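Shown next: model.cif, containing mmCIF, C-alpha atoms.
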data_model
#
loop_
_atom_site.label_atom_id
_atom_site.label_comp_id
_atom_site.auth_asym_id
_atom_site.auth_seq_id
_atom_site.Cartn_x
_atom_site.Cartn_y
_atom_site.Cartn_z
CA MET A 622 113.89 127.03 138.17
CA GLU A 623 113.70 129.07 141.40
CA ILE A 624 115.03 132.11 139.54
CA MET A 625 112.42 131.77 136.77
CA ALA A 626 109.67 131.38 139.36
CA GLY A 627 110.52 134.85 140.65
CA ILE A 628 110.26 136.53 137.23
CA ASN A 629 106.92 137.45 135.71
CA ALA A 630 105.99 138.42 132.16
CA ILE A 631 105.75 142.15 132.97
CA GLU A 632 109.30 142.22 134.33
CA LEU A 633 110.62 140.45 131.23
CA LEU A 634 108.84 142.89 128.91
CA ARG A 635 110.25 145.84 130.86
CA GLU A 636 113.78 144.47 130.54
CA GLN A 637 113.23 143.97 126.81
CA GLN A 638 111.96 147.54 126.59
CA LEU A 639 115.18 148.88 128.13
CA ASP A 640 117.21 146.91 125.58
CA PHE A 641 114.97 148.27 122.80
CA ILE A 642 115.57 151.86 123.98
CA GLN A 643 119.33 151.32 123.96
CA ARG A 644 119.14 150.04 120.38
CA ILE A 645 117.13 153.09 119.30
CA LYS A 646 120.14 155.21 120.28
CA TYR A 647 122.28 153.25 117.80
CA SER A 648 119.59 153.00 115.09
CA CYS A 649 119.68 149.22 115.38
CA LEU A 650 116.04 148.15 115.31
CA LEU A 651 114.22 145.02 114.17
CA ASP A 652 112.97 145.61 110.61
CA CYS A 653 110.60 142.94 109.26
CA GLN A 654 108.14 144.26 106.70
CA ILE A 655 106.14 141.03 106.46
CA PRO A 656 102.56 141.79 107.60
CA GLY A 657 101.61 140.07 110.82
CA LYS A 658 105.19 139.54 111.98
CA ASN A 659 106.92 141.39 114.79
CA SER A 660 108.88 144.49 113.78
CA GLU A 661 109.96 147.54 115.73
CA ILE A 662 109.60 149.75 112.67
CA THR A 663 107.03 149.85 109.89
CA PHE A 664 107.32 151.69 106.58
CA ILE A 665 104.18 153.13 105.00
CA SER A 666 105.12 154.01 101.44
CA GLU A 667 102.28 152.76 99.22
CA LYS A 668 101.18 155.80 97.21
CA SER A 669 97.47 154.92 97.23
CA LYS A 670 97.51 154.41 101.00
CA ILE A 671 99.23 157.74 101.67
CA LYS A 672 96.73 159.49 99.37
CA GLN A 673 93.89 157.86 101.28
CA ILE A 674 95.32 159.11 104.59
CA SER A 675 95.85 162.59 103.11
CA LYS A 676 92.29 162.72 101.77
CA PHE A 677 90.89 161.71 105.16
CA SER A 678 93.01 164.33 106.93
CA TYR A 679 91.80 167.09 104.59
CA SER A 680 88.21 165.96 105.12
CA MET A 681 88.67 166.23 108.88
CA CYS A 682 89.97 169.79 108.46
CA ASN A 683 86.94 170.67 106.34
CA LYS A 684 84.67 169.10 108.93
CA TYR A 685 85.82 171.55 111.60
CA GLN A 686 86.03 174.43 109.09
CA SER A 687 89.12 176.02 110.53
CA LYS A 688 89.95 179.33 108.82
CA ASP A 689 93.34 179.81 110.46
CA ARG A 690 96.04 178.43 108.13
CA GLU A 691 98.32 177.36 110.98
CA GLU A 692 95.49 175.66 112.88
CA LYS A 693 94.34 173.91 109.70
CA TYR A 694 97.85 172.61 109.10
CA PHE A 695 98.18 171.21 112.62
CA ASN A 696 94.74 169.56 112.40
CA TYR A 697 95.75 168.01 109.10
CA ARG A 698 99.10 166.86 110.49
CA ASN A 699 97.63 165.33 113.64
CA ASN A 700 95.02 163.37 111.70
CA PHE A 701 97.64 162.28 109.18
CA ILE A 702 100.04 161.06 111.87
CA GLY A 703 97.22 159.32 113.72
CA LYS A 704 96.19 157.30 110.66
CA LEU A 705 99.81 156.42 109.87
CA GLY A 706 100.10 154.92 113.35
CA GLU A 707 96.87 152.96 112.95
CA GLU A 708 98.00 151.59 109.58
CA ALA A 709 101.30 150.50 111.16
CA VAL A 710 99.47 148.73 114.01
CA LYS A 711 97.15 147.05 111.51
CA ASN A 712 100.20 145.88 109.55
CA ARG A 713 101.68 144.26 112.68
CA LEU A 714 98.45 142.72 114.03
CA THR A 715 96.78 141.72 110.77
CA ASN A 716 95.05 138.59 112.07
CA PHE A 717 93.83 140.06 115.35
CA ILE A 718 92.14 143.34 114.42
CA THR A 719 89.98 144.81 111.67
CA GLY A 720 90.95 147.42 109.11
CA VAL A 721 91.50 151.12 109.65
CA ASP A 722 88.29 153.17 109.55
CA TYR A 723 88.28 156.18 107.20
CA THR A 724 84.64 157.14 107.72
CA ILE A 725 83.98 160.80 108.45
CA LYS A 726 81.44 160.78 111.28
CA ASN A 727 79.15 163.84 111.34
CA GLU A 728 78.53 163.75 115.08
CA GLY A 729 82.16 163.14 115.99
CA ASP A 730 83.73 159.83 116.83
CA GLY A 731 84.60 160.58 120.47
CA LYS A 732 88.15 159.44 119.65
CA VAL A 733 86.64 156.34 118.10
CA ASP A 734 87.82 154.63 114.95
CA PHE A 735 85.62 151.55 115.03
CA THR A 736 84.64 148.40 116.82
CA PHE A 737 82.83 145.22 115.91
CA ALA A 738 81.44 142.17 117.59
CA PHE A 739 82.13 138.56 116.76
CA ASP A 740 79.18 136.74 115.19
CA SER A 741 79.26 132.94 114.97
CA SER A 742 76.83 132.88 112.04
CA PRO A 743 78.08 132.86 108.40
CA GLY A 744 79.55 136.24 107.60
CA GLY A 745 80.85 136.49 111.13
CA ILE A 746 81.15 140.23 111.75
CA GLN A 747 78.71 142.80 113.09
CA VAL A 748 79.98 146.38 113.23
CA LYS A 749 79.26 148.55 116.28
CA THR A 750 80.71 151.94 117.27
CA ARG A 751 82.76 152.15 120.48
CA LYS A 752 85.33 154.51 122.02
CA VAL A 753 88.28 152.54 120.66
CA ASP A 754 90.65 152.51 117.70
CA PHE A 755 90.54 148.77 117.09
CA THR A 756 88.70 145.81 118.51
CA PHE A 757 89.53 142.14 118.44
CA ALA A 758 88.08 140.13 115.57
CA PHE A 759 87.21 137.38 118.02
CA ASP A 760 85.75 139.21 121.01
CA SER A 761 82.11 140.27 121.35
CA SER A 762 82.66 142.26 124.54
CA PRO A 763 83.35 146.03 124.49
CA GLY A 764 87.02 146.89 124.44
CA GLY A 765 89.92 147.03 122.07
CA ILE A 766 93.16 148.80 121.29
CA GLN A 767 93.71 152.54 121.65
CA VAL A 768 96.50 153.74 119.36
CA LYS A 769 98.41 156.91 120.17
CA THR A 770 100.90 158.23 117.61
CA ARG A 771 103.16 161.24 118.15
CA LYS A 772 105.92 162.94 116.18
CA GLY A 773 109.23 163.53 117.94
CA THR A 774 112.36 161.81 119.20
CA TYR A 775 112.11 158.73 121.40
CA ASP A 776 113.50 160.48 124.48
CA THR A 777 111.17 163.50 124.35
CA VAL A 778 107.84 162.26 123.00
CA LYS A 779 104.97 161.61 125.42
CA TRP A 780 101.64 159.85 125.00
CA SER A 781 98.57 160.82 127.03
CA ILE A 782 95.38 158.91 127.67
CA THR A 783 92.17 159.75 129.51
CA GLU A 784 90.27 157.70 132.06
CA LYS A 785 87.39 157.26 129.58
CA GLU A 786 89.77 155.80 127.01
CA ILE A 787 91.22 153.49 129.65
CA GLU A 788 87.77 152.21 130.60
CA ALA A 789 86.74 151.68 126.97
CA ASN A 790 89.82 149.74 125.89
CA THR A 791 91.94 146.73 126.75
CA PHE A 792 95.34 147.92 125.51
CA LEU A 793 97.18 151.15 124.79
CA VAL A 794 99.64 151.03 121.88
CA CYS A 795 102.13 153.89 121.46
CA MET A 796 103.84 154.78 118.18
CA PHE A 797 106.12 157.62 117.12
CA ILE A 798 107.41 159.15 113.91
CA GLU A 799 110.72 161.02 113.84
CA LYS A 800 110.57 162.20 110.23
CA ASN A 801 109.25 161.26 106.81
CA VAL A 802 111.39 159.27 104.39
CA LYS A 803 111.12 158.23 100.77
CA ASN A 804 112.54 154.81 101.51
CA LYS A 805 114.97 153.09 103.87
CA GLU A 806 118.01 154.40 102.00
CA ALA A 807 116.66 157.96 102.09
CA GLU A 808 115.99 157.83 105.82
CA ASN A 809 118.24 160.80 106.56
CA LYS A 810 116.63 163.11 103.98
CA GLN A 811 114.06 165.43 105.50
CA THR A 812 111.57 167.72 103.78
CA GLU A 813 112.36 171.38 104.44
CA ASN A 814 108.88 172.77 103.75
CA LYS A 815 106.69 171.69 106.66
CA GLU A 816 103.47 171.61 104.62
CA ALA A 817 105.09 169.68 101.79
CA GLU A 818 106.22 167.17 104.39
CA TYR A 819 102.70 165.73 104.46
CA LYS A 820 101.27 166.89 101.14
CA ASN A 821 103.98 165.08 99.16
CA THR A 822 102.21 161.76 98.66
CA SER A 823 105.24 160.24 96.94
CA ALA A 824 107.09 160.24 100.26
CA GLY A 825 107.12 157.30 102.64
CA PHE A 826 107.00 157.27 106.41
CA LYS A 827 108.78 155.26 109.07
CA ILE A 828 106.71 154.51 112.16
CA THR A 829 108.36 153.10 115.27
CA SER A 830 106.40 150.90 117.67
CA ALA A 831 107.31 152.45 121.01
CA GLY A 832 105.52 149.91 123.19
CA PHE A 833 102.20 149.04 124.80
CA LEU A 834 100.39 148.81 128.12
CA PRO A 835 97.42 146.72 129.23
CA MET A 836 94.73 149.02 130.62
CA ASP A 837 94.43 146.82 133.72
CA LEU A 838 98.09 147.50 134.47
CA ILE A 839 97.54 151.26 134.09
CA LYS A 840 94.62 151.11 136.53
CA LYS A 841 96.67 149.11 139.00
CA GLU A 842 99.91 151.11 138.92
CA HIS A 843 98.66 154.63 138.17
CA LYS A 844 95.36 154.92 140.05
CA ILE A 845 96.54 157.75 142.33
CA GLU A 846 98.19 159.58 139.43
CA LEU A 847 94.92 159.50 137.45
CA ILE A 848 93.05 161.01 140.38
CA LYS A 849 95.63 163.78 140.87
CA ASN A 850 95.61 164.67 137.15
CA ASN A 851 91.82 164.75 136.74
CA GLY A 852 91.54 161.48 134.86
CA LYS A 853 94.46 161.96 132.47
CA ILE A 854 97.94 160.48 132.45
CA GLU A 855 101.09 160.76 130.33
CA PHE A 856 103.63 158.08 129.50
CA THR A 857 107.17 158.14 128.14
CA ILE A 858 108.83 155.29 126.29
CA TYR A 859 110.40 154.18 129.59
CA ASP A 860 106.93 153.49 131.01
CA LEU A 861 105.91 151.10 128.24
CA LEU A 862 106.23 147.36 127.76
CA TYR A 863 108.12 145.88 124.80
CA ILE A 864 105.81 145.77 121.78
CA SER A 865 106.18 142.07 120.86
CA GLY A 866 104.48 141.16 124.14
CA LEU A 867 101.20 142.45 122.71
CA ASN A 868 101.05 139.53 120.29
CA ALA A 869 101.31 137.10 123.19
CA TYR A 870 98.48 138.87 125.03
CA LEU A 871 96.26 138.81 121.96
CA LYS A 872 97.03 135.17 121.23
CA LYS A 873 96.02 134.29 124.79
CA LEU A 874 92.77 136.25 124.45
CA TYR A 875 92.10 134.48 121.17
CA ASP A 876 92.68 131.04 122.74
CA LEU A 877 90.34 131.89 125.63
CA GLN A 878 87.63 133.03 123.20
CA VAL A 879 87.94 129.81 121.19
CA GLU A 880 87.57 127.80 124.40
CA LYS A 881 84.36 129.69 125.21
CA LEU A 882 82.96 128.99 121.73
CA LEU A 883 83.81 125.28 122.02
CA GLU A 884 81.97 125.13 125.35
CA ILE A 885 78.86 126.45 123.61
#

Before we go any further, please render this structure as structure tokens.
Amino acid sequence: MEIMAGINAIELLREQQLDFIQRIKYSCLLDCQIPGKNSEITFISEKSKIKQISKFSYSMCNKYQSKDREEKYFNYRNNFIGKLGEEAVKNRLTNFITGVDYTIKNEGDGKVDFTFAFDSSPGGIQVKTRKVDFTFAFDSSPGGIQVKTRKGTYDTVKWSITEKEIEANTFLVCMFIEKNVKNKEAENKQTENKEAEYKNTSAGFKITSAGFLPMDLIKKEHKIELIKNNGKIEFTIYDLLYISGLNAYLKKLYDLQVEKLLEI
């Protein structure tokens, strides 16, 4: 009991994260494709969903009217990867957050996907725009989940976040994509043509949940770093907490919100 008293949740999640990183090296990750259940990898392979992501990504390119072919491709790719990550997070946290927003906002979203407030009246949801990717379906206060998705290998990819994003959100969730696959068995087959890699809507994608961080923890442990870097900070997979801990955080927030409603 004395040993357990000296261990906190953050330390446990960091130890789990180190174990997770070791298993990445051996391609031995938790694979549970049941929505709402914990999984370290998520496959997005539904043709209609990939087409929806592709259509959104093209629309974003048209919005900024880039004439340079290379720049247009990278804009398309970045939007495509971003939405894949959001869909993967939605798949894991089905009961805690709302759906992925595919609205093209004329004035720019300020790195915002959507937010909404809890309404206790019948119908229950009022939509409001915030600087977040997701918000909690049970929380009326500003804040939510900022999702960052990058393409690369686990030991080289980095995720950055700004001070404004930290202030606007409650959690940072980091995802990464190594390559596109048609299915689990075809995981080692890679598209040679870089444009076809994303335009081929028959392909599927494997997204790995790299980890998460509570924004309060970032403020506490990286305050000086944020000041030195003009309000921006980068994280590697070694800086993150093990992803399954996010469910516990959200469940606790949900329980606290229910208690508040019962008091009313």

I'd like a table as JSON lines: residues in segment 823-875 of chain A with an atom no more than 6 Å from segment 773-797 of chain A, each row giving the shortest atom pair and its distance in Å to one decimal, all atoms listed in the file counted, sorted by chain and rising residue number.
{"residue": "A:Ile828", "atom": "CA", "partner": "A:Phe797", "partner_atom": "CA", "distance": 5.9}
{"residue": "A:Thr829", "atom": "CA", "partner": "A:Phe797", "partner_atom": "CA", "distance": 5.4}
{"residue": "A:Ser830", "atom": "CA", "partner": "A:Met796", "partner_atom": "CA", "distance": 4.7}
{"residue": "A:Ala831", "atom": "CA", "partner": "A:Met796", "partner_atom": "CA", "distance": 5.0}
{"residue": "A:Gly832", "atom": "CA", "partner": "A:Cys795", "partner_atom": "CA", "distance": 5.5}
{"residue": "A:Phe833", "atom": "CA", "partner": "A:Val794", "partner_atom": "CA", "distance": 4.4}
{"residue": "A:Leu834", "atom": "CA", "partner": "A:Leu793", "partner_atom": "CA", "distance": 5.2}
{"residue": "A:Pro835", "atom": "CA", "partner": "A:Phe792", "partner_atom": "CA", "distance": 4.4}
{"residue": "A:Met836", "atom": "CA", "partner": "A:Phe792", "partner_atom": "CA", "distance": 5.3}
{"residue": "A:Gly852", "atom": "CA", "partner": "A:Glu784", "partner_atom": "CA", "distance": 4.9}
{"residue": "A:Lys853", "atom": "CA", "partner": "A:Thr783", "partner_atom": "CA", "distance": 4.3}
{"residue": "A:Ile854", "atom": "CA", "partner": "A:Ser781", "partner_atom": "CA", "distance": 5.5}
{"residue": "A:Glu855", "atom": "CA", "partner": "A:Ser781", "partner_atom": "CA", "distance": 4.2}
{"residue": "A:Phe856", "atom": "CA", "partner": "A:Trp780", "partner_atom": "CA", "distance": 5.2}
{"residue": "A:Thr857", "atom": "CA", "partner": "A:Lys779", "partner_atom": "CA", "distance": 4.9}

- If you count all atoms listed in the file, the residue of A:Tyr723, A:Phe641, A:Tyr875, A:Tyr679 closest to Glu707 of chain A turns out to be A:Tyr723

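Put simply, the PyMOL selection byres ((chain A and resi 642-652) around 9) on this file hits A:Gln637, A:Gln638, A:Leu639, A:Asp640, A:Phe641, A:Cys653, A:Gln654, A:Asn659, A:Ser660, A:Glu661, A:Ile662, A:Thr663, A:Tyr775, A:Asp776, A:Ala831, A:Ile858, A:Tyr859.
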
- Item | Glu708 of chain A environment, 9 Å, only C-alpha atoms, sequence neighbours closer than 6 positions dropped, as a PyMOL selection string | chain A and resi 665+720-721

- Query: For the atom pair atom CA of Asn696 of chain A and atom CA of Asn683 of chain A, what is the interatomic distance in Å to one decimal place?
  - Reply: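 A separation of 9.9 Å between them.
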
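For the choices A:Phe755, A:Ser680, A:Ile766, A:Asn699, the atom-to-atom distance to Ile725 of chain A is smallest for A:Ser680 when using only C-alpha atoms.
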
- Task: Using atom CA of Thr715 of chain A and atom CA of Val768 of chain A as the two end points, give the distance in Å to one decimal.
- Result: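 Atom-to-atom, atom CA of Thr715 of chain A to atom CA of Val768 of chain A, that is 14.8 Å.
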
- Item | Two-atom distance - atom CA of Leu714 of chain A, atom CA of Gly657 of chain A (Å) |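 Between these atoms lies a distance of 5.2 Å.
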